[in-house]
$ cat my_file.cif   # mmCIF, C-alpha atoms
data_coords
#
loop_
_atom_site.label_atom_id
_atom_site.label_comp_id
_atom_site.auth_asym_id
_atom_site.auth_seq_id
_atom_site.Cartn_x
_atom_site.Cartn_y
_atom_site.Cartn_z
CA MET A 1 0.00 0.00 0.00
CA LYS A 2 1.17 3.51 -0.77
CA THR A 3 2.16 5.99 1.91
CA THR A 4 -0.22 8.81 2.77
CA GLU A 5 2.17 11.26 1.14
CA PHE A 6 2.15 9.34 -2.12
CA THR A 7 -1.64 8.95 -1.97
CA LEU A 8 -1.97 12.72 -1.72
CA ASP A 9 0.50 13.08 -4.58
CA LEU A 10 -1.78 10.90 -6.68
CA GLN A 11 -4.64 13.26 -5.88
CA ALA A 12 -2.47 16.29 -6.72
CA TYR A 13 -1.67 14.53 -10.01
CA VAL A 14 -5.40 14.19 -10.74
CA ASP A 15 -5.90 17.87 -9.88
CA GLY A 16 -2.99 19.05 -12.04
CA GLU A 17 -1.16 20.43 -9.02
CA LEU A 18 2.20 18.68 -9.44
CA ASP A 19 5.29 20.22 -10.97
CA ALA A 20 6.80 18.56 -14.03
CA SER A 21 9.40 16.45 -12.23
CA ARG A 22 6.98 15.12 -9.60
CA ARG A 23 4.38 14.45 -12.28
CA ALA A 24 6.89 12.39 -14.25
CA GLU A 25 7.74 10.44 -11.11
CA VAL A 26 4.07 9.70 -10.41
CA GLU A 27 3.52 8.60 -14.01
CA ARG A 28 6.48 6.24 -13.75
CA VAL A 29 4.89 4.61 -10.69
CA LEU A 30 1.46 4.50 -12.33
CA ALA A 31 2.90 2.60 -15.27
CA SER A 32 3.67 -0.36 -13.05
CA ASP A 33 1.27 -0.04 -10.12
CA ALA A 34 -2.31 -1.21 -10.76
CA GLU A 35 -3.47 -0.22 -7.30
CA ALA A 36 -2.27 3.35 -7.81
CA ARG A 37 -3.98 3.46 -11.20
CA GLU A 38 -7.22 2.27 -9.59
CA LEU A 39 -7.00 5.02 -6.96
CA VAL A 40 -6.37 7.66 -9.62
CA ALA A 41 -9.38 6.40 -11.59
CA GLY A 42 -11.56 6.52 -8.47
CA LEU A 43 -10.45 10.05 -7.62
CA ARG A 44 -11.05 11.22 -11.19
CA GLN A 45 -14.50 9.66 -11.18
CA ILE A 46 -15.70 11.32 -8.00
CA ALA A 47 -14.11 14.69 -8.87
CA GLU A 48 -15.77 14.69 -12.28
CA LEU A 49 -19.08 13.56 -10.85
CA VAL A 50 -19.19 16.39 -8.30
CA ARG A 51 -17.91 19.02 -10.72
CA THR A 52 -20.55 18.24 -13.32
CA HIS A 53 -23.45 17.79 -10.92
CA GLU A 54 -23.42 20.86 -8.76
CA PRO A 55 -26.68 20.84 -6.79
CA VAL A 56 -29.25 23.26 -8.17
CA ILE A 57 -30.88 25.12 -5.31
CA ARG A 58 -33.28 28.00 -5.81
CA VAL A 59 -34.06 30.93 -3.53
CA PRO A 60 -37.32 30.02 -1.79
CA GLU A 61 -38.65 33.58 -2.09
CA THR A 62 -40.15 35.66 -4.89
CA ARG A 63 -37.99 38.07 -6.83
CA GLU A 64 -39.85 41.05 -5.39
CA PHE A 65 -39.72 39.94 -1.78
CA TYR A 66 -36.03 38.96 -1.94
CA TRP A 67 -35.13 42.30 -3.50
CA SER A 68 -37.24 44.25 -0.98
CA GLN A 69 -35.31 42.61 1.86
CA ILE A 70 -31.99 43.51 0.27
CA GLN A 71 -33.18 47.08 -0.36
CA ARG A 72 -34.16 47.40 3.27
CA ARG A 73 -30.76 46.13 4.43
CA ILE A 74 -28.94 48.51 2.10
CA ALA A 75 -31.06 51.40 3.38
CA GLN A 76 -30.32 50.40 6.98
CA ALA A 77 -26.59 50.20 6.26
CA GLU A 78 -26.66 53.60 4.57
CA ALA A 79 -28.59 55.10 7.49
CA VAL A 80 -26.01 53.80 9.95
CA GLU A 81 -23.23 55.14 7.73
CA ALA A 82 -24.91 58.54 7.50
CA LYS A 83 -25.41 58.64 11.26
CA GLU A 84 -21.77 57.80 11.92
CA ALA A 85 -20.43 60.27 9.36
CA PRO A 86 -21.39 63.52 11.23
CA GLN A 87 -20.01 62.08 14.46
CA ALA A 88 -16.76 61.30 12.75
CA SER A 89 -16.69 64.75 11.20
CA GLY A 90 -17.45 66.30 14.64
CA ALA A 91 -14.54 64.41 16.10
CA MET A 92 -12.33 65.64 13.29
CA GLN A 93 -13.42 69.24 13.96
CA TRP A 94 -12.55 68.84 17.64
CA LEU A 95 -9.17 67.41 16.65
CA ARG A 96 -8.62 70.45 14.40
CA TRP A 97 -8.69 72.69 17.47
CA LEU A 98 -6.90 70.26 19.72
CA ALA A 99 -3.98 69.63 17.40
CA PRO A 100 -2.47 73.16 17.57
CA ALA A 101 -2.90 73.22 21.35
CA LEU A 102 -1.09 69.90 21.60
CA GLY A 103 1.60 71.29 19.35
CA VAL A 104 2.16 74.31 21.60
CA ALA A 105 2.31 72.05 24.65
CA ALA A 106 4.80 69.73 22.93
CA VAL A 107 7.06 72.63 21.98
CA ALA A 108 6.95 73.96 25.53
CA VAL A 109 7.91 70.56 26.94
CA MET A 110 10.71 70.18 24.40
CA VAL A 111 12.08 73.60 25.37
CA ALA A 112 11.94 72.81 29.08
CA LEU A 113 13.12 69.19 29.24
CA PRO A 114 16.61 69.41 27.68
CA ARG A 115 17.64 71.67 30.53
CA GLY A 116 17.03 68.83 32.95
CA GLU A 117 15.28 69.12 36.26
CA LYS A 118 17.99 69.00 38.83
CA GLU A 119 17.36 68.79 42.56
CA GLY A 120 15.88 72.00 43.79
CA THR A 121 14.54 73.02 40.43
CA THR A 122 10.89 73.41 39.47
CA LEU A 123 9.11 73.73 36.19
CA ALA A 124 5.68 75.25 36.47
CA ALA A 125 3.02 76.19 33.95
CA ASN A 126 0.92 79.06 35.15
CA ASP A 127 -2.69 78.01 35.15
CA THR A 128 -4.58 81.22 34.73
CA VAL A 129 -6.28 81.81 31.41
CA GLU A 130 -4.29 84.95 30.80
CA ASP A 131 -0.96 83.20 31.45
CA ALA A 132 -1.80 79.97 29.67
CA VAL A 133 1.26 80.24 27.42
CA SER A 134 3.78 81.40 30.01
CA MET A 135 6.11 79.07 31.92
CA THR A 136 8.50 79.48 34.83
CA PHE A 137 11.77 77.62 35.49
CA ARG A 138 13.50 78.07 38.85
CA SER A 139 16.74 76.51 40.12
CA ASP A 140 17.53 77.08 43.79
CA ALA A 141 20.97 75.56 43.41
CA ASP A 142 21.91 77.87 40.57
CA GLY A 143 19.95 80.78 41.96
CA VAL A 144 18.23 81.24 38.60
CA THR A 145 14.61 81.89 37.71
CA ILE A 146 13.51 82.06 34.09
CA HIS A 147 10.06 83.08 32.80
CA TRP A 148 8.88 82.27 29.28
CA ILE A 149 6.08 84.50 28.16
CA ASN A 150 4.45 84.20 24.73
CA MET B 1 -30.63 54.67 -3.05
CA PRO B 2 -30.91 56.60 -6.32
CA MET B 3 -33.67 55.90 -8.82
CA SER B 4 -33.32 53.67 -11.87
CA LEU B 5 -31.99 55.25 -15.04
CA LYS B 6 -32.53 52.75 -17.88
CA SER B 7 -35.19 50.39 -19.16
CA ASP B 8 -33.46 47.66 -21.24
CA TYR B 9 -32.07 45.73 -18.30
CA PRO B 10 -33.03 42.16 -19.26
CA SER B 11 -31.09 42.32 -22.53
CA ALA B 12 -28.03 44.09 -21.10
CA ALA B 13 -24.82 42.17 -20.40
CA ASP B 14 -23.61 41.84 -16.82
CA GLU B 15 -20.76 44.27 -17.52
CA GLN B 16 -23.22 46.94 -18.65
CA LEU B 17 -25.48 46.36 -15.65
CA VAL B 18 -22.48 46.63 -13.34
CA ALA B 19 -21.48 49.92 -14.99
CA TRP B 20 -25.00 51.30 -14.53
CA ALA B 21 -25.17 50.04 -10.96
CA LYS B 22 -21.87 51.77 -10.22
CA ASP B 23 -23.60 55.00 -11.24
CA GLY B 24 -26.24 54.30 -8.62
CA ASP B 25 -28.82 52.57 -10.84
CA THR B 26 -30.64 50.26 -8.43
CA ALA B 27 -32.79 48.67 -11.13
CA ALA B 28 -29.62 47.51 -12.91
CA PHE B 29 -28.40 46.08 -9.62
CA GLU B 30 -31.73 44.32 -9.07
CA GLU B 31 -31.42 42.74 -12.52
CA LEU B 32 -27.97 41.41 -11.54
CA ILE B 33 -29.47 39.96 -8.37
CA HIS B 34 -32.28 38.37 -10.34
CA ARG B 35 -29.80 36.72 -12.71
CA HIS B 36 -27.43 35.35 -10.10
CA ARG B 37 -29.43 35.03 -6.91
CA ASP B 38 -30.02 31.26 -7.21
CA LYS B 39 -26.31 30.52 -7.67
CA ILE B 40 -25.31 32.76 -4.75
CA TYR B 41 -28.02 31.30 -2.54
CA ALA B 42 -27.04 27.75 -3.57
CA ARG B 43 -23.42 28.39 -2.55
CA ALA B 44 -24.56 29.62 0.85
CA MET B 45 -26.98 26.72 1.24
CA ILE B 46 -24.38 24.09 0.30
CA MET B 47 -21.89 25.61 2.73
CA MET B 48 -24.25 26.29 5.66
CA ARG B 49 -26.87 23.50 5.23
CA ASN B 50 -29.44 25.81 6.75
CA GLU B 51 -32.08 27.83 4.88
CA GLY B 52 -32.17 30.72 7.35
CA ASP B 53 -28.40 31.18 7.27
CA ALA B 54 -28.35 30.81 3.50
CA ILE B 55 -31.00 33.52 2.99
CA ASP B 56 -29.30 35.83 5.47
CA LEU B 57 -25.78 35.37 4.12
CA SER B 58 -26.79 35.53 0.47
CA GLN B 59 -28.61 38.81 1.11
CA GLU B 60 -25.66 40.10 3.08
CA ALA B 61 -23.45 39.24 0.10
CA TRP B 62 -25.65 41.39 -2.15
CA VAL B 63 -25.54 44.28 0.32
CA LYS B 64 -21.74 44.05 0.44
CA SER B 65 -21.50 43.88 -3.32
CA TRP B 66 -23.59 47.06 -3.62
CA GLN B 67 -21.31 48.80 -1.13
CA ARG B 68 -18.13 47.56 -2.83
CA LEU B 69 -19.21 47.70 -6.43
CA HIS B 70 -16.66 50.41 -7.20
CA GLN B 71 -13.95 47.88 -6.23
CA PHE B 72 -15.07 45.42 -8.90
CA GLN B 73 -12.82 46.05 -11.90
CA GLY B 74 -13.88 43.07 -14.01
CA GLU B 75 -10.80 40.89 -13.44
CA SER B 76 -13.23 37.97 -13.09
CA SER B 77 -16.87 37.62 -14.07
CA PHE B 78 -19.41 39.34 -11.85
CA ALA B 79 -20.81 35.93 -10.85
CA THR B 80 -17.37 34.72 -9.76
CA TRP B 81 -16.81 37.92 -7.78
CA MET B 82 -20.16 37.44 -6.08
CA THR B 83 -19.57 33.80 -5.19
CA ARG B 84 -16.25 34.77 -3.61
CA ILE B 85 -18.07 37.31 -1.44
CA VAL B 86 -20.73 34.85 -0.29
CA ILE B 87 -18.18 32.10 0.41
CA ASN B 88 -16.11 34.49 2.51
CA LEU B 89 -19.23 35.41 4.48
CA CYS B 90 -19.99 31.70 4.99
CA LEU B 91 -16.43 31.04 6.16
CA ASP B 92 -16.71 33.91 8.64
CA GLN B 93 -20.03 32.60 9.90
CA ILE B 94 -18.70 29.06 10.29
CA ARG B 95 -15.74 30.42 12.25
CA ARG B 96 -18.05 32.50 14.43
CA GLN B 97 -20.24 29.50 15.14
CA LYS B 98 -17.12 27.44 15.79
CA ARG B 99 -18.70 24.75 13.69
CA THR B 100 -15.43 23.27 12.53
CA ARG B 101 -15.34 19.96 14.28
CA ALA B 102 -12.20 18.37 15.61
CA GLU B 103 -12.56 15.59 13.07
CA SER B 104 -9.59 15.84 10.76
CA ILE B 105 -7.66 13.72 8.37
CA GLU B 106 -4.68 13.83 10.69
CA GLU B 107 -6.69 12.09 13.39
CA LEU B 108 -7.92 9.54 10.91
CA GLU B 109 -4.38 8.91 9.75
CA GLU B 110 -3.41 8.16 13.32
CA ALA B 111 -6.13 5.56 13.33
CA GLY B 112 -4.63 3.70 10.42
CA GLY B 113 -3.95 5.78 7.34
CA VAL B 114 -6.27 7.74 5.08
CA GLU B 115 -6.27 5.16 2.35
CA ARG B 116 -7.68 2.52 4.69
CA GLN B 117 -10.52 4.70 5.91
CA MET B 118 -12.46 4.63 2.70
CA PRO B 119 -12.48 1.81 0.19
CA ILE B 120 -12.13 2.74 -3.46
CA ALA B 121 -15.51 2.85 -5.17
CA GLU B 122 -15.94 -0.41 -7.05
CA SER B 123 -18.31 1.10 -9.59
CA ASN B 124 -19.87 4.41 -10.51
CA PRO B 125 -22.23 5.11 -7.58
CA THR B 126 -24.60 7.08 -9.79
CA GLU B 127 -24.67 4.85 -12.85
CA GLY B 128 -28.04 4.78 -14.58
CA LEU B 129 -29.44 7.70 -12.61
CA GLU B 130 -31.00 10.81 -14.08
CA SER B 131 -28.84 13.90 -13.80
CA GLU B 132 -31.31 15.56 -11.41
CA GLU B 133 -31.20 12.55 -9.10
CA VAL B 134 -27.40 12.56 -9.17
CA ARG B 135 -27.40 16.23 -8.14
CA ARG B 136 -29.86 15.49 -5.37
CA ARG B 137 -27.77 12.61 -4.04
CA ILE B 138 -24.57 14.63 -4.20
CA ASP B 139 -26.26 17.40 -2.25
CA GLU B 140 -27.52 14.89 0.32
CA ALA B 141 -24.08 13.31 0.68
CA MET B 142 -22.38 16.71 0.98
CA GLY B 143 -24.70 17.49 3.84
CA LYS B 144 -23.13 14.61 5.75
CA LEU B 145 -19.59 15.96 5.44
CA THR B 146 -18.14 18.16 8.16
CA ASP B 147 -18.03 21.91 7.47
CA ALA B 148 -14.25 21.70 7.14
CA HIS B 149 -14.33 18.99 4.49
CA ARG B 150 -17.31 20.38 2.62
CA THR B 151 -15.76 23.85 2.48
CA VAL B 152 -12.60 22.58 0.79
CA LEU B 153 -14.61 20.42 -1.61
CA VAL B 154 -16.88 23.31 -2.63
CA MET B 155 -13.96 25.67 -3.14
CA HIS B 156 -12.06 23.15 -5.23
CA GLU B 157 -14.78 21.51 -7.30
CA PHE B 158 -17.32 24.30 -7.69
CA GLU B 159 -15.12 27.37 -7.48
CA GLY B 160 -12.19 25.78 -9.30
CA LEU B 161 -9.67 27.19 -6.84
CA GLU B 162 -6.14 25.82 -6.58
CA TYR B 163 -4.81 24.30 -3.36
CA LYS B 164 -2.77 27.38 -2.44
CA GLU B 165 -5.71 29.73 -2.95
CA ILE B 166 -7.97 27.56 -0.77
CA ALA B 167 -5.26 27.39 1.89
CA LYS B 168 -4.95 31.17 1.90
CA ARG B 169 -8.66 31.84 2.09
CA VAL B 170 -9.48 29.21 4.72
CA GLY B 171 -6.32 29.88 6.73
CA ILE B 172 -4.88 26.36 6.68
CA SER B 173 -1.78 24.74 5.20
CA ILE B 174 -1.70 23.32 1.67
CA GLY B 175 -1.12 19.89 3.21
CA THR B 176 -4.33 20.22 5.21
CA VAL B 177 -6.20 21.29 2.07
CA MET B 178 -4.93 18.16 0.31
CA SER B 179 -5.82 15.80 3.11
CA ARG B 180 -9.26 17.35 3.68
CA LEU B 181 -10.00 17.22 -0.02
CA PHE B 182 -8.91 13.60 -0.22
CA TYR B 183 -11.01 12.61 2.75
CA ALA B 184 -14.02 14.58 1.46
CA ARG B 185 -13.87 12.82 -1.91
CA ARG B 186 -13.50 9.37 -0.47
CA ARG B 187 -16.26 9.98 2.06
CA LEU B 188 -18.52 11.33 -0.64
CA ALA B 189 -17.84 8.28 -2.83
CA SER B 190 -18.68 6.03 0.09
CA LEU B 191 -21.87 7.95 0.91
CA LEU B 192 -23.00 7.77 -2.71
CA GLN B 193 -22.38 4.01 -2.70
CA SER B 194 -24.46 3.72 0.46
CA LEU B 195 -27.27 5.75 -1.11
CA LYS B 196 -27.15 3.50 -4.16
CA ARG B 197 -27.48 0.41 -1.99
CA GLU B 198 -30.26 1.95 0.11
CA ARG B 199 -32.30 2.99 -2.93
CA SER B 200 -31.89 -0.37 -4.66
CA GLU B 201 -33.07 -2.37 -1.68
#
$ encode --input "my_file.cif" --output "structure tokens"
Amino acid sequence: MKTTEFTLDLQAYVDGELDASRRAEVERVLASDAEARELVAGLRQIAELVRTHEPVIRVPETREFYWSQIQRRIAQAEAVEAKEAPQASGAMQWLRWLAPALGVAAVAVMVALPRGEKEGTTLAANDTVEDAVSMTFRSDADGVTIHWIN
Amino acid sequence: MPMSLKSDYPSAADEQLVAWAKDGDTAAFEELIHRHRDKIYARAMIMMRNEGDAIDLSQEAWVKSWQRLHQFQGESSFATWMTRIVINLCLDQIRRQKRTRAESIEELEEAGGVERQMPIAESNPTEGLESEEVRRRIDEAMGKLTDAHRTVLVMHEFEGLEYKEIAKRVGISIGTVMSRLFYARRRLASLLQSLKRERSE
């Protein structure tokens, strides 16, 4: 009896999935192996039978009713899409305002951080509306206080 | 959905209907559905073996095709493109339902080798039968295969896909495709033989 690997090679031969060298090898075996030839014939028979007798199954609904259901589902999908679109656009509008603010904050942090925050130093952002873009850096050790005002 | 734009839909080729549908012509799209709905439904029914799922998934396939129509560039026929959509939906549904049973060719091999599991059909199991009866028996036998085996069989025999394409779409190795296909064929041959015996008794 053939190994499983060779059996699957026989099937690949039937399906035209072997490369030229493997195909030649299989054909050499087939020439002298009746059992292999029988298996190939059986595989061809069932493959051909299935391929040429695809079950015919019809939609059990009228054309109008089937289409009306699809129309309804398309309308529902479009309604959901339309509902989500303004929300997405609202979020984008919010991001439009947030992005510059984040940019300013990032620049401020980049300016402050390279100086390091040694012991006895503080970095404070003033939290009043008027001073929202001013920052203070103080180092007790160095006896230095710096204010950034934009 | 926009209103219909033309009137000669029944005589138009699929390509023309697709072009009209891409412009928002729903009547052209409905004509496409009318032409191909049985084939798309049949694919879903063969895969799912359940009328409710088949109706739902075939309709979902049409909704998706309407939404993605602009992506269809005509590399394959419209019918082929549609069957790919419905099969993908069926595969997703089968995965969601975790219907793929543990039964596999590897386990059967452990029990004694694939070639010993199913005897070679001695004769044509459908000899002398009318074509319609052969189709009916094949459908009945396919219903007795596992989802995993039936899926590979449908994709290979009805869709004409190569091993590597099936492997990619199902998410399994080519070796598993080969063994599942082999088992499915042998099991189907055996089931058809059994049906032949049953009907002749």
$ closest_atom_pairs --input "my_file.cif" --of "chain A" --to "chain B" --cutoff "7 Å" --atoms "all atoms listed in the file" --output "JSON lines"
{"residue": "A:Thr4", "atom": "CA", "partner": "B:Val114", "partner_atom": "CA", "distance": 6.6}
{"residue": "A:Leu8", "atom": "CA", "partner": "B:Met178", "partner_atom": "CA", "distance": 6.5}
{"residue": "A:Leu39", "atom": "CA", "partner": "B:Ile120", "partner_atom": "CA", "distance": 6.6}
{"residue": "A:Gly42", "atom": "CA", "partner": "B:Ile120", "partner_atom": "CA", "distance": 6.3}
{"residue": "A:Ile46", "atom": "CA", "partner": "B:Ala189", "partner_atom": "CA", "distance": 6.4}
{"residue": "A:Val50", "atom": "CA", "partner": "B:Glu157", "partner_atom": "CA", "distance": 6.8}
{"residue": "A:Arg51", "atom": "CA", "partner": "B:Glu157", "partner_atom": "CA", "distance": 5.3}
{"residue": "A:His53", "atom": "CA", "partner": "B:Arg135", "partner_atom": "CA", "distance": 5.1}
{"residue": "A:Glu54", "atom": "CA", "partner": "B:Arg135", "partner_atom": "CA", "distance": 6.1}
{"residue": "A:Pro55", "atom": "CA", "partner": "B:Arg135", "partner_atom": "CA", "distance": 4.9}
{"residue": "A:Val56", "atom": "CA", "partner": "B:Ala42", "partner_atom": "CA", "distance": 6.8}
{"residue": "A:Ile57", "atom": "CA", "partner": "B:Ala42", "partner_atom": "CA", "distance": 5.0}
{"residue": "A:Arg58", "atom": "CA", "partner": "B:Asp38", "partner_atom": "CA", "distance": 4.8}
{"residue": "A:Val59", "atom": "CA", "partner": "B:Asp38", "partner_atom": "CA", "distance": 5.5}
{"residue": "A:Arg63", "atom": "CA", "partner": "B:His34", "partner_atom": "CA", "distance": 6.7}
{"residue": "A:Trp67", "atom": "CA", "partner": "B:Glu30", "partner_atom": "CA", "distance": 6.8}
{"residue": "A:Ile70", "atom": "CA", "partner": "B:Gln59", "partner_atom": "CA", "distance": 5.8}
{"residue": "A:Arg73", "atom": "CA", "partner": "B:Val63", "partner_atom": "CA", "distance": 6.9}
{"residue": "A:Ile74", "atom": "CA", "partner": "B:Val63", "partner_atom": "CA", "distance": 5.7}
$ resolve_selection --input "my_file.cif" --expression "the PyMOL selection byres ((chain B and resi 78-80) around 9)" --output "list in words"
Asp14, Glu15, Val18, Leu32, His36, Lys39, Ile40, Phe72, Gly74, Glu75, Ser76, Ser77, Trp81, Met82, Thr83, Arg84, Ile85 and Glu159 of chain B
$ atom_distance --input "my_file.cif" --atom1 "CA of Arg180 in chain B" --atom2 "CA of Val152 in chain B"
6.8 Å
$ atom_distance --input "my_file.cif" --atom1 "CA of Gln93 in chain B" --atom2 "CA of Ile172 in chain B"
16.7 Å
$ atom_distance --input "my_file.cif" --atom1 "CA of Ser173 in chain B" --atom2 "CA of Leu49 in chain A"
26.1 Å
$ resolve_selection --input "my_file.cif" --expression "the PyMOL selection byres ((chain B and resi 90) around 7)" --output "list in words"
Ala44, Met47, Met48, Leu57, Val86, Ile87, Asn88, Leu89, Leu91, Asp92, Gln93 and Ile94 of chain B
$ write_last_selection --input "my_file.cif" --atoms "C-alpha atoms" --output "PDB file, keeping the file's coordinate frame"
ATOM      1  CA  ALA B  44     -24.560  29.620   0.850  1.00  0.00           C
ATOM      2  CA  MET B  47     -21.890  25.610   2.730  1.00  0.00           C
ATOM      3  CA  MET B  48     -24.250  26.290   5.660  1.00  0.00           C
ATOM      4  CA  LEU B  57     -25.780  35.370   4.120  1.00  0.00           C
ATOM      5  CA  VAL B  86     -20.730  34.850  -0.290  1.00  0.00           C
ATOM      6  CA  ILE B  87     -18.180  32.100   0.410  1.00  0.00           C
ATOM      7  CA  ASN B  88     -16.110  34.490   2.510  1.00  0.00           C
ATOM      8  CA  LEU B  89     -19.230  35.410   4.480  1.00  0.00           C
ATOM      9  CA  LEU B  91     -16.430  31.040   6.160  1.00  0.00           C
ATOM     10  CA  ASP B  92     -16.710  33.910   8.640  1.00  0.00           C
ATOM     11  CA  GLN B  93     -20.030  32.600   9.900  1.00  0.00           C
ATOM     12  CA  ILE B  94     -18.700  29.060  10.290  1.00  0.00           C
TER      13      ILE B  94
END
$ closest_residue --input "my_file.cif" --among "B:Gly52, B:Leu161, B:Lys196, B:Lys22" --to "Gly16 in chain A" --atoms "all atoms listed in the file"
B:Leu161
$ resolve_selection --input "my_file.cif" --expression "the PyMOL selection byres ((chain A and resi 40) around 10)" --output "PyMOL selection string"
(chain A and resi 7+10-14+30+34-39+41-45) or (chain B and resi 120)
